[in-house]
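Worksheet for the structure shown next.
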Amino acid sequence: MAGLLDAAHEPILVRDLEGRILFWNQGCEALYGHGREAARGAYAPRLLATVFPAPLEEITARLLAEGRWEGEVRRRLADGREAVIALRWSLGRDASDAAWVLETGRDVTEARSAEEALRRSEYRFRNVFHAMSVSFWELDFSALAGMFGALRARGVTSLRAHIAENPGFVREMMRASQVVDVNDKSLQLFEATREQLLGPVDRFWPPCSEHVFAASVIAALEKRPHYESEARFRTYGGREFDGLFTCCYPREYLPQGATLVGVIDITDRLRAQEDLQRVQAELAHAARISTLGELTASIAHEVNQPLSAIVTNGEAGLRWLRRQTPDLDEVVRAFDRMIGEANRASGVIGRIRTMAVKGEPETARLALGPLVEDSVLLVRRELTVHDVALRVQVPADLPEVLGDRVQLQQVLVNLMVNAAQAMAGAEERVLAVRAEAQGEGVALSVTDTGPGVPPERLARLFDAFYTTKAGGMGMGLSICRTIVQAHGGEIVAISEPGQGASFVLKLPRAEPAQEADC
C-alpha cells in the first residue's frame with residue numbers, strides 16, 4: 001500500500017492524531033518542497049506553517065466524530081511562498097486501535113486567486129453600475145434568438161429588409177427584450193421603482209425611436225462592439241425626454257443574450273443647442289444688416305439704374321403716343337423695356353429683402369453659379385468705388401451643394417467686401433472668385449491682390465471679436481466660419497505677406513437627386 005501511495009502524483013501523507021508525519025510521498029515532495037527525510041517525524045502543522053479555517057481542536061473533534069474532514073488551509077512552502085491547499089482527511093485505526101490520519105491535498109492557489117479577482121471585478125462593476133450618474137440597464141435578449149431562427153426558417157436572410165417590410169416586428173423585438181437589472185440613476189431618470197422597470201423594454205420606447213432600437217439589434221448581429229445614437233424615451237409615468245442611447249455587446253456574454261445599455265438625459269443639452277443656434281442666427285442676421293448698411297451706395301446704384309431706364313422708356317412711349325400718327329409698335333417696345341427694367345429693380349429689391357429678413361435657415365440644392373451672380377450684383381458698386389477688377393470663374397457643370405442660399409450668399413458677400421477694402425492701397429486691385437470640384441465636395445475661393453495677412457494674425461482671423469480693421473467688431477469672419485461649418489464644410493485662409501489673401505470655402509456636394517429623394 002505504501003508503494004502505491006508513493007507512486008501517486010497527488011500529495012498524500014499519513015500522520016498520527018497529534019500531527020507527527022508517518023508517511024510522505026513524492027507528491028508531497030513536489031508540492032511542498034520538503035524531502036521525506038526532513039518531513040518524516042516532523043509536526044505537520046509546524047513544518048508547513050498551516051493556518052486552519054477554525055481552531056485545530058474543533059477540526060480534530062469533528063474528524064473523530066465523523067471519520068473525515070474537508071477544508072482549505074494556508075501553508076508555507078519550502079521556498080517561502082504561501083499556498084492555498086484543499087485538504088481531505090480520513091481517519092483510520094491500526095490493529096492496536098491507534099488512530100492515524102490519511103491526508104490528500106490539492107493546490108488551489110491559482111483557482112482561488114482567479115475567483116478573488118473575479119469577485120473584486122464584480123464588486124467594482126456593481127459599484128460603478130450603481131454609482132454612475134448614467135442610467136444603466138442590463139438586458140436579456142436571448143428570446144430574440146428564437147425569433148431570428150424562425151425568420152431564417154421562413155427564408156428571411158436580411159433582418160434590415162424584413163423590418164422595412166414589417167415595421168411592427170420592431171415592437172415584437174422590444175417585447176421580447178427583458179430588463180433584468182437597472183442602477184439607481186435609472187430609477188430617478190425613469191421615475192419608477194426597480195420592480196416597475198423590470199420586464200419588457202417596449203414600455204419605454206415611443207414609436208418615433210423604434211428605428212434606433214432596430215439599428216442597435218442589427219449592430220449586435222453584425223458583431224459591432226457598440227452602438228450609439230440619440231433617441232426619444234418615455235418614463236414609467238409617460239413623460240417623454242431626449243436621451244443619448246449607448247449599447248455595448250461584450251463577446252463573453254453575447255451568446256447568453258446579455259447586453260448593457262446606457263441612457264443619458266440630453267434634454268438640457270439639446271435645449272442649449274437650440275438656444276445657441278437661435279443666438280447664432282440673430283448674430284448672422286445682424287451681420288447681414290450691417291453688411292447691407294455698408295453696401296447702401298451699391299444698392300442705391302443698382303436700384304436707380306432700372307428706375308432711370310423706366311422713366312426714360314415711359315417718356316419715349318408718351319412721345320410715340322403723342323405723335324399725329326401714334327407709332328404703336330414703338331410704344332409696345334418701350335413698354336416691354338419698362339417692364340423688363342421694373343422686373344430688374346424688383347429682383348434687386350427682392351434679393352436685398354431676402355438678406356434683410358430674419359427667418360429660419362432653409363436647406364435646398366444650390367447651384368453655385370447663380371449664387372455667385374446674385375452676390376456679385378450686391379457688391380458690384382462697392383467694387384467700382386474701390387476700382388477693383390472682378391474675375392469670376394464658376395464652371396456651369398459644377399456639382400450642386402446642399403445649403404441655405406441666404407447664409408451662403410452672406411458668406412460670399414462678406415468675403416468680397418473684405419477683399420475690396422483690403423486692396424484700398426494696392427496698385428493692382430483684382431478680385432478673383434473661382435469654384436471647382438474637389439474630391440467629394442466643391443471648393444469656392446475668394447482671392448485678392450492686397451497686402452496679405454501677417455502670419456501672427458492668420459491663425460486668429462476667424463476668432464470672435466478679433467479684427468484687423470479699424471472700427472471692426474470682429475464678428476464677420478467668425479459668423480462666416482459658423483455658417484460654413486453648419487453646412488458640413490470648412491473655411492480656411494491662405495496668405496503670404498505682400499501677395500494677397502485667399503479664403504477658400506470647402507462644401508460637400510449634394511447627393512444625387514435620386515438618392516436624396518429616398
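Here, A, B, ... name the chains of the C-alpha cells in the order displayed, residue numbers run from 1 inside each chain, and ligands are numbered from 1 in the same displayed order.
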For this session: Extract, using only C-alpha atoms, all DNA, RNA and protein residues at most 8 Å from range 480-488 of chain A, discarding same-chain residues fewer than 3 positions from it, and format them as number ranges by chain.
Result: A: 402-403, 407-408, 410-411, 462, 476-477, 491, 505, 507-508
If you keep N, CA, C and O atoms, can you produce a file of those selected residues as an mmCIF file, in the first residue's frame?
```
data_model
loop_
_atom_site.group_PDB
_atom_site.id
_atom_site.type_symbol
_atom_site.label_atom_id
_atom_site.label_comp_id
_atom_site.auth_asym_id
_atom_site.auth_seq_id
_atom_site.Cartn_x
_atom_site.Cartn_y
_atom_site.Cartn_z
ATOM 1 N N LEU A 402 -25.636 71.455 -50.936
ATOM 2 C CA LEU A 402 -26.866 71.475 -50.138
ATOM 3 C C LEU A 402 -26.707 72.529 -49.058
ATOM 4 O O LEU A 402 -25.762 72.455 -48.249
ATOM 5 N N GLY A 403 -27.590 73.547 -49.063
ATOM 6 C CA GLY A 403 -27.428 74.575 -48.048
ATOM 7 C C GLY A 403 -28.496 75.646 -48.134
ATOM 8 O O GLY A 403 -29.453 75.563 -48.910
ATOM 9 N N GLN A 407 -27.648 82.312 -46.303
ATOM 10 C CA GLN A 407 -26.462 82.220 -45.450
ATOM 11 C C GLN A 407 -25.181 82.127 -46.279
ATOM 12 O O GLN A 407 -24.184 82.790 -45.982
ATOM 13 N N LEU A 408 -25.198 81.289 -47.324
ATOM 14 C CA LEU A 408 -24.001 81.170 -48.155
ATOM 15 C C LEU A 408 -23.737 82.460 -48.922
ATOM 16 O O LEU A 408 -22.583 82.849 -49.132
ATOM 17 N N GLN A 410 -24.458 85.385 -47.787
ATOM 18 C CA GLN A 410 -23.900 86.277 -46.773
ATOM 19 C C GLN A 410 -22.398 86.062 -46.633
ATOM 20 O O GLN A 410 -21.626 87.022 -46.541
ATOM 21 N N VAL A 411 -21.959 84.794 -46.624
ATOM 22 C CA VAL A 411 -20.529 84.493 -46.516
ATOM 23 C C VAL A 411 -19.779 85.081 -47.703
ATOM 24 O O VAL A 411 -18.736 85.748 -47.548
ATOM 25 N N PHE A 462 -10.472 83.953 -37.686
ATOM 26 C CA PHE A 462 -11.855 83.503 -37.510
ATOM 27 C C PHE A 462 -12.300 83.524 -36.045
ATOM 28 O O PHE A 462 -13.396 83.065 -35.732
ATOM 29 N N GLY A 476 -17.600 89.260 -38.375
ATOM 30 C CA GLY A 476 -17.900 88.839 -39.734
ATOM 31 C C GLY A 476 -17.331 87.477 -40.087
ATOM 32 O O GLY A 476 -18.061 86.566 -40.477
ATOM 33 N N LEU A 477 -16.022 87.305 -39.951
ATOM 34 C CA LEU A 477 -15.389 86.037 -40.322
ATOM 35 C C LEU A 477 -15.767 84.919 -39.358
ATOM 36 O O LEU A 477 -15.856 83.756 -39.756
ATOM 37 N N ILE A 491 -13.778 76.497 -43.806
ATOM 38 C CA ILE A 491 -13.241 77.687 -44.462
ATOM 39 C C ILE A 491 -11.836 77.923 -43.943
ATOM 40 O O ILE A 491 -11.595 77.838 -42.733
ATOM 41 N N LEU A 505 -13.638 78.222 -49.342
ATOM 42 C CA LEU A 505 -14.764 77.509 -48.742
ATOM 43 C C LEU A 505 -14.817 76.113 -49.359
ATOM 44 O O LEU A 505 -14.842 75.971 -50.584
ATOM 45 N N LEU A 507 -17.184 72.918 -49.448
ATOM 46 C CA LEU A 507 -18.533 72.466 -49.123
ATOM 47 C C LEU A 507 -18.770 71.082 -49.707
ATOM 48 O O LEU A 507 -18.348 70.809 -50.836
ATOM 49 N N PRO A 508 -19.434 70.197 -48.963
ATOM 50 C CA PRO A 508 -19.746 68.879 -49.520
ATOM 51 C C PRO A 508 -20.780 68.998 -50.624
ATOM 52 O O PRO A 508 -21.714 69.794 -50.530
#
```
For this session: Taking the DSSP assignment computed from this structure's backbone, write out as an MDAnalysis selection string all residues of range 16-264 of chain A that belong to alpha helix (DSSP H).
Result: chainID A and resid 26:32 36:39 44:47 56:66 109:131 143:153 159:165 168:176 184:189 194:197 210:221
Problem set entry | Nearby residues (only C-alpha atoms) at most 10 Å from range 262-269 of chain A, same-chain spacing under 6 positions excluded, as a ChimeraX atom specification | /A:133-138,182,185-186,189,228,230-233,240-248,275
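Candidate residues A:Leu187, A:Leu56, A:Ala215, A:Met338 were compared for distance to Gly314 in chain A, and the nearest is A:Met338, using only C-alpha atoms.
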Contact residues around Asp79 in chain A with only C-alpha atoms at 12 Å, ignoring same-chain residues under 3 positions, as a short mmCIF file (atom, residue, chain, number, x, y, z; two decimals) with N, CA, C and O atoms, in the first residue's frame:
```cif
data_model
loop_
_atom_site.label_atom_id
_atom_site.label_comp_id
_atom_site.auth_asym_id
_atom_site.auth_seq_id
_atom_site.Cartn_x
_atom_site.Cartn_y
_atom_site.Cartn_z
N ALA A 30 6.98 17.16 -4.22
CA ALA A 30 6.83 18.07 -5.34
C ALA A 30 6.05 19.32 -4.97
O ALA A 30 6.37 20.43 -5.39
N LEU A 31 5.01 19.18 -4.17
CA LEU A 31 4.16 20.33 -3.83
C LEU A 31 4.79 21.21 -2.76
O LEU A 31 4.89 22.42 -2.92
N TYR A 32 5.23 20.59 -1.64
CA TYR A 32 5.68 21.39 -0.51
C TYR A 32 7.17 21.71 -0.55
O TYR A 32 7.61 22.65 0.12
N GLY A 33 7.96 20.92 -1.28
CA GLY A 33 9.39 21.20 -1.40
C GLY A 33 10.26 20.58 -0.34
O GLY A 33 11.48 20.75 -0.36
N HIS A 34 9.69 19.86 0.64
CA HIS A 34 10.47 19.21 1.70
C HIS A 34 10.69 17.75 1.33
O HIS A 34 9.76 17.05 0.90
N LEU A 48 4.72 23.01 8.01
CA LEU A 48 4.07 23.67 6.88
C LEU A 48 3.43 25.00 7.26
O LEU A 48 2.76 25.62 6.42
N ARG A 75 -0.75 27.18 3.69
CA ARG A 75 0.51 26.56 4.08
C ARG A 75 1.67 27.29 3.42
O ARG A 75 1.54 27.81 2.31
N ARG A 76 2.81 27.26 4.15
CA ARG A 76 4.01 27.87 3.61
C ARG A 76 4.88 26.78 3.00
O ARG A 76 5.19 25.77 3.64
N GLU A 82 3.43 31.21 -0.04
CA GLU A 82 2.22 30.72 0.59
C GLU A 82 1.32 30.09 -0.46
O GLU A 82 1.25 30.56 -1.59
N ALA A 83 0.62 29.03 -0.06
CA ALA A 83 -0.28 28.35 -0.99
C ALA A 83 -1.56 27.99 -0.27
O ALA A 83 -1.59 27.79 0.95
#
```
For this session: For range 496-501 of chain A, work out the shell of residues within 7 Å, counting only C-alpha atoms and skipping chain neighbours fewer than 2 positions away, then give it as a PyMOL selection string.
Result: chain A and resi 447-454+494+503
For this session: Could you find all residues in range 11-241 of chain A that DSSP calls strand (DSSP E) from the backbone, and write them as a PyMOL selection string?
Result: chain A and resi 12-16+21-24+68-76+82-93+99-107+135-140+178-182+199-200+226-234+240-241
Print the selection's residues with C-alpha atoms to a file, as a short mmCIF file (atom, residue, chain, number, x, y, z; two decimals), in the first residue's frame.
```
data_model
loop_
_atom_site.label_atom_id
_atom_site.label_comp_id
_atom_site.auth_asym_id
_atom_site.auth_seq_id
_atom_site.Cartn_x
_atom_site.Cartn_y
_atom_site.Cartn_z
CA ILE A 12 -0.51 12.15 0.24
CA LEU A 13 0.75 12.00 3.80
CA VAL A 14 -0.08 9.89 6.83
CA ARG A 15 0.24 11.27 10.36
CA ASP A 16 -0.79 10.32 13.83
CA ILE A 21 4.21 12.69 9.98
CA LEU A 22 4.46 8.94 9.45
CA PHE A 23 4.44 8.81 5.64
CA TRP A 24 5.36 11.41 2.97
CA ARG A 68 -13.46 12.57 7.81
CA TRP A 69 -12.94 16.29 7.28
CA GLU A 70 -12.57 18.54 4.24
CA GLY A 71 -11.48 22.13 4.06
CA GLU A 72 -8.97 24.65 2.77
CA VAL A 73 -5.88 25.78 4.67
CA ARG A 74 -2.96 28.10 4.05
CA ARG A 75 0.51 26.56 4.08
CA ARG A 76 4.01 27.87 3.61
CA GLU A 82 2.22 30.72 0.59
CA ALA A 83 -0.28 28.35 -0.99
CA VAL A 84 -3.95 27.54 -0.54
CA ILE A 85 -4.38 23.77 -0.17
CA ALA A 86 -7.67 21.90 -0.36
CA LEU A 87 -7.35 19.04 2.17
CA ARG A 88 -9.25 15.83 2.69
CA TRP A 89 -8.65 13.89 5.91
CA SER A 90 -9.75 10.31 6.55
CA LEU A 91 -9.48 8.70 9.99
CA GLY A 92 -8.13 5.15 10.29
CA ARG A 93 -7.00 2.79 13.07
CA ALA A 99 -5.67 6.32 15.32
CA TRP A 100 -3.94 7.68 12.20
CA VAL A 101 -4.97 10.24 9.58
CA LEU A 102 -4.64 9.89 5.78
CA GLU A 103 -4.37 13.33 4.15
CA THR A 104 -4.67 14.16 0.47
CA GLY A 105 -4.07 17.71 -0.73
CA ARG A 106 -4.56 19.79 -3.86
CA ASP A 107 -3.01 23.17 -4.63
CA SER A 135 -28.81 55.28 -16.40
CA PHE A 136 -27.59 51.70 -16.94
CA TRP A 137 -29.80 48.77 -17.94
CA GLU A 138 -28.85 45.11 -18.10
CA LEU A 139 -30.94 43.46 -20.80
CA ASP A 140 -31.64 39.85 -21.65
CA GLN A 178 -36.28 41.94 -20.95
CA VAL A 179 -34.82 44.34 -18.39
CA VAL A 180 -33.16 42.19 -15.71
CA ASP A 181 -31.40 44.90 -13.70
CA VAL A 182 -31.10 48.69 -13.51
CA GLY A 199 -39.69 43.40 -17.74
CA PRO A 200 -40.17 44.22 -21.45
CA HIS A 226 -21.02 49.01 -29.53
CA TYR A 227 -23.76 51.27 -30.85
CA GLU A 228 -24.68 54.89 -30.04
CA SER A 229 -27.46 57.22 -31.14
CA GLU A 230 -29.80 59.91 -29.89
CA ALA A 231 -33.33 58.70 -29.19
CA ARG A 232 -36.59 59.63 -27.51
CA PHE A 233 -37.55 57.78 -24.32
CA ARG A 234 -40.66 57.51 -22.17
CA GLU A 240 -41.00 61.75 -22.82
CA PHE A 241 -37.43 63.08 -22.92
#
```
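For the residues A:Val388, A:Ala364, A:Ala150, A:Gln393, ranking by smallest atom-to-atom distance to Val406 in chain A using only C-alpha atoms places A:Ala364 first.
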